[in-house]
Amino acid sequence: MFVILAGILAIIGAVAGAYYFAMRPVTLRIAVGPANSDDLKVVQALTQAFAQKHGYVRLRPIQTDGATESAKALENGSVDLAIIRGDLDVPKNAQAVATLRKNVAVLWVPPPAKGKGKKSGPKITKISQLAGRKIGVVGRTPANVNLLKVILQQYGVDPAKVEIVQFPASEAVDAIRNQKADAYLAAGPVNSKITTDAINASMRDGGTPTFLGIDTAEAIAQNHPMYEASEIPAGAFGGSPDRPDDEVKTISFSHHIVARKGLSETTVAAFTRQLFAIRQQLMAEFPLAAKIETPDTDKDAAIPVHPGAAAFVDGEEKTFLDRYSDYIWWSLMALSAMGSAGAWFAGYLKKDQRNNNTHLRERLLDMLATARRSDSTEELDQMQAEADNIMRDTLQCFDNGAIEEGALTAFNIVLDQFHNAVADRKAVLASMPQSLQRAGAQFRATGTL
């Protein structure tokens, strides 16, 4: 009994310990950059929100120089999560958790400069007319240059015959105002302040920029799965008249939150749940938070989804009992088997004691028969003393667990019958003359009177 109780307490302790270790907060390192970027600000806000809510998952931002460096940090295993661009080389160990935002490619040509003595080249209205021109790319990441090259190649423009110059985002406005290029490309959310400021800087002499539509966006998306056909709505960049004045076709790509392959499914599911639970809270301060979307769970997705994120999206996230119910069930089965084995072993060890008590009970039954025909009070007193010793041995066996309550009850019945037989026989002997008692004793001893 004590063995079973100890086993139950051990299992309860093990379950409690497992629950504590399974549910204690986990801190995930997330690579994000560059400094002062919207991505970094959103991650910092998530970090604070997770800490305030005392969530299961906490974040520790690791600042990098950009999405390329963040991808490398995930690839070498120095971080658990990373914010990466979908049009870059995605690390083989990256699995999608969420889509942070979508970015569109914006190609535009400033209005021609007006003024005495100034000449401008032929007006650019199509991407195919960019051959031999200088194109300024906003942002220093090489990914934007690669994006431009993909677009040019789709229109048969050899990138080698185009002069490409890059301007850091902080210097783009001045470069555009100083007419450093014939056309410009920027990539970012539709409501990106960097893109809007760059377009506003290209306004001059009352003219409006010409937006170059990518009419072959669907073909690009077919050939390059990391891109999607998209549209820039009219008036997306403000102004009067609207900029652009009509819907413009373009291509888009996503910034993803990815997790290192092999990261706990439970941890990633909890992170995804917390992310989408806190999203509404962040929207007032960071409108970009409204753009956070669940990952693509299709098998042919450009970035395979992490099983933990997929479990959250599909509503198949496992609770603590779901994850460990099999272990608990098998532990209980093992305890039951151990209890049965322990009971059998304990019974086996007490077999001799139990057999001895059985012989003593048989001896008591023999004494019962002897007591009914005894002619000597001395003999009855000796048997009663022996019965007391048998009773003491039987009670000790019961306390040790060698016999059960049913056996003890049977013994008590026999013992009561024996005491009644002794009392009745003593009453009979007391009423008989001493001469008859001696004659009876002699007859039983010798067979003669």
# chains A, B, ... in the order shown; residues from 1 in each chain; ligands from 1
>>> residues_around(residues="stretch 106-111 of chain A", least_positions_apart="4", cutoff="7 Å", atoms="only C-alpha atoms", output="list in words")
Ile124, Asp182, Ala183, Tyr184, Leu185, Ala186, Ala187, Ser202, Met203, Arg204, Gly207, Thr208, Pro209, Thr210, Phe211 and Leu212 of chain A
>>> write_last_selection(atoms="N, CA and C atoms", output="PDB file, in the first residue's frame")
ATOM      1  N   ILE A 124      10.610  59.693 -70.751  1.00  0.00           N
ATOM      2  CA  ILE A 124      10.543  58.264 -70.421  1.00  0.00           C
ATOM      3  C   ILE A 124       9.135  57.939 -69.934  1.00  0.00           C
ATOM      4  N   ASP A 182      18.031  59.805 -63.803  1.00  0.00           N
ATOM      5  CA  ASP A 182      16.915  60.025 -64.727  1.00  0.00           C
ATOM      6  C   ASP A 182      15.630  59.371 -64.230  1.00  0.00           C
ATOM      7  N   ALA A 183      15.758  58.299 -63.466  1.00  0.00           N
ATOM      8  CA  ALA A 183      14.599  57.582 -62.932  1.00  0.00           C
ATOM      9  C   ALA A 183      15.008  56.991 -61.584  1.00  0.00           C
ATOM     10  N   TYR A 184      13.997  56.598 -60.808  1.00  0.00           N
ATOM     11  CA  TYR A 184      14.283  56.117 -59.452  1.00  0.00           C
ATOM     12  C   TYR A 184      13.432  54.889 -59.134  1.00  0.00           C
ATOM     13  N   LEU A 185      13.983  54.067 -58.266  1.00  0.00           N
ATOM     14  CA  LEU A 185      13.252  52.907 -57.758  1.00  0.00           C
ATOM     15  C   LEU A 185      13.339  52.914 -56.234  1.00  0.00           C
ATOM     16  N   ALA A 186      12.192  52.691 -55.611  1.00  0.00           N
ATOM     17  CA  ALA A 186      12.136  52.534 -54.157  1.00  0.00           C
ATOM     18  C   ALA A 186      11.290  51.305 -53.857  1.00  0.00           C
ATOM     19  N   ALA A 187      11.576  50.630 -52.774  1.00  0.00           N
ATOM     20  CA  ALA A 187      10.811  49.446 -52.375  1.00  0.00           C
ATOM     21  C   ALA A 187      10.434  49.575 -50.910  1.00  0.00           C
ATOM     22  N   SER A 202      11.027  64.726 -55.902  1.00  0.00           N
ATOM     23  CA  SER A 202      11.199  64.781 -57.358  1.00  0.00           C
ATOM     24  C   SER A 202      10.240  65.769 -58.024  1.00  0.00           C
ATOM     25  N   MET A 203       9.347  66.353 -57.264  1.00  0.00           N
ATOM     26  CA  MET A 203       8.427  67.362 -57.807  1.00  0.00           C
ATOM     27  C   MET A 203       9.207  68.643 -58.078  1.00  0.00           C
ATOM     28  N   ARG A 204       9.001  69.199 -59.254  1.00  0.00           N
ATOM     29  CA  ARG A 204       9.685  70.453 -59.583  1.00  0.00           C
ATOM     30  C   ARG A 204       8.895  71.205 -60.655  1.00  0.00           C
ATOM     31  N   GLY A 207       5.483  70.306 -62.137  1.00  0.00           N
ATOM     32  CA  GLY A 207       5.252  69.046 -62.839  1.00  0.00           C
ATOM     33  C   GLY A 207       5.051  67.893 -61.878  1.00  0.00           C
ATOM     34  N   THR A 208       4.523  66.810 -62.357  1.00  0.00           N
ATOM     35  CA  THR A 208       4.300  65.613 -61.549  1.00  0.00           C
ATOM     36  C   THR A 208       5.105  64.463 -62.119  1.00  0.00           C
ATOM     37  N   PRO A 209       5.561  63.553 -61.268  1.00  0.00           N
ATOM     38  CA  PRO A 209       6.362  62.422 -61.759  1.00  0.00           C
ATOM     39  C   PRO A 209       5.525  61.462 -62.590  1.00  0.00           C
ATOM     40  N   THR A 210       6.198  60.737 -63.431  1.00  0.00           N
ATOM     41  CA  THR A 210       5.564  59.702 -64.237  1.00  0.00           C
ATOM     42  C   THR A 210       5.865  58.344 -63.602  1.00  0.00           C
ATOM     43  N   PHE A 211       4.827  57.632 -63.254  1.00  0.00           N
ATOM     44  CA  PHE A 211       5.001  56.306 -62.641  1.00  0.00           C
ATOM     45  C   PHE A 211       5.015  55.252 -63.741  1.00  0.00           C
ATOM     46  N   LEU A 212       6.038  54.393 -63.699  1.00  0.00           N
ATOM     47  CA  LEU A 212       6.203  53.361 -64.717  1.00  0.00           C
ATOM     48  C   LEU A 212       5.561  52.064 -64.227  1.00  0.00           C
TER      49      LEU A 212
END
>>> closest_atom_pairs(of="stretch 43-150 of chain A", to="stretch 276-293 of chain A", cutoff="8 Å", atoms="only C-alpha atoms", output="JSON lines")
{"residue": "A:Ala45", "atom": "CA", "partner": "A:Leu282", "partner_atom": "CA", "distance": 7.4}
{"residue": "A:Leu46", "atom": "CA", "partner": "A:Ile278", "partner_atom": "CA", "distance": 7.7}
{"residue": "A:Ala49", "atom": "CA", "partner": "A:Ile278", "partner_atom": "CA", "distance": 7.3}
{"residue": "A:Ala98", "atom": "CA", "partner": "A:Glu293", "partner_atom": "CA", "distance": 5.9}
{"residue": "A:Thr99", "atom": "CA", "partner": "A:Glu293", "partner_atom": "CA", "distance": 5.0}
{"residue": "A:Leu100", "atom": "CA", "partner": "A:Ile292", "partner_atom": "CA", "distance": 4.5}
{"residue": "A:Arg101", "atom": "CA", "partner": "A:Lys291", "partner_atom": "CA", "distance": 5.2}
{"residue": "A:Lys102", "atom": "CA", "partner": "A:Lys291", "partner_atom": "CA", "distance": 7.5}
>>> write_last_selection(atoms="C-alpha atoms", output="PDB file, in the first residue's frame")
ATOM      1  CA  ALA A  45       7.361  47.213 -29.266  1.00  0.00           C
ATOM      2  CA  LEU A  46       6.617  43.481 -29.373  1.00  0.00           C
ATOM      3  CA  ALA A  49       4.363  44.036 -24.915  1.00  0.00           C
ATOM      4  CA  ALA A  98       4.353  35.255 -40.043  1.00  0.00           C
ATOM      5  CA  THR A  99       4.354  37.812 -42.833  1.00  0.00           C
ATOM      6  CA  LEU A 100       5.418  41.088 -41.249  1.00  0.00           C
ATOM      7  CA  ARG A 101       4.525  43.322 -44.191  1.00  0.00           C
ATOM      8  CA  LYS A 102       4.342  43.495 -47.971  1.00  0.00           C
TER       9      LYS A 102
END
>>> residues_around(residues="A:Arg243", least_positions_apart="2", cutoff="9 Å", atoms="only C-alpha atoms", output="ChimeraX atom specification")
/A:199,208-209,211,234-241,245-246
>>> closest_residue(among="A:Ala96, A:Ala31, A:Cys397, A:Ala385", to="A:Val258", atoms="only C-alpha atoms")
A:Ala96
>>> select_by_dssp(residues="stretch 178-365 of chain A", states="helix (DSSP H, G or I)", output="ChimeraX atom specification")
/A:193-201,217-223,265-283,287-291,307-313,320-349,351-365
>>> closest_residue(among="A:Ala334, A:Met432, A:Ala219, A:Ile251", to="A:Leu148", atoms="only C-alpha atoms")
A:Ile251
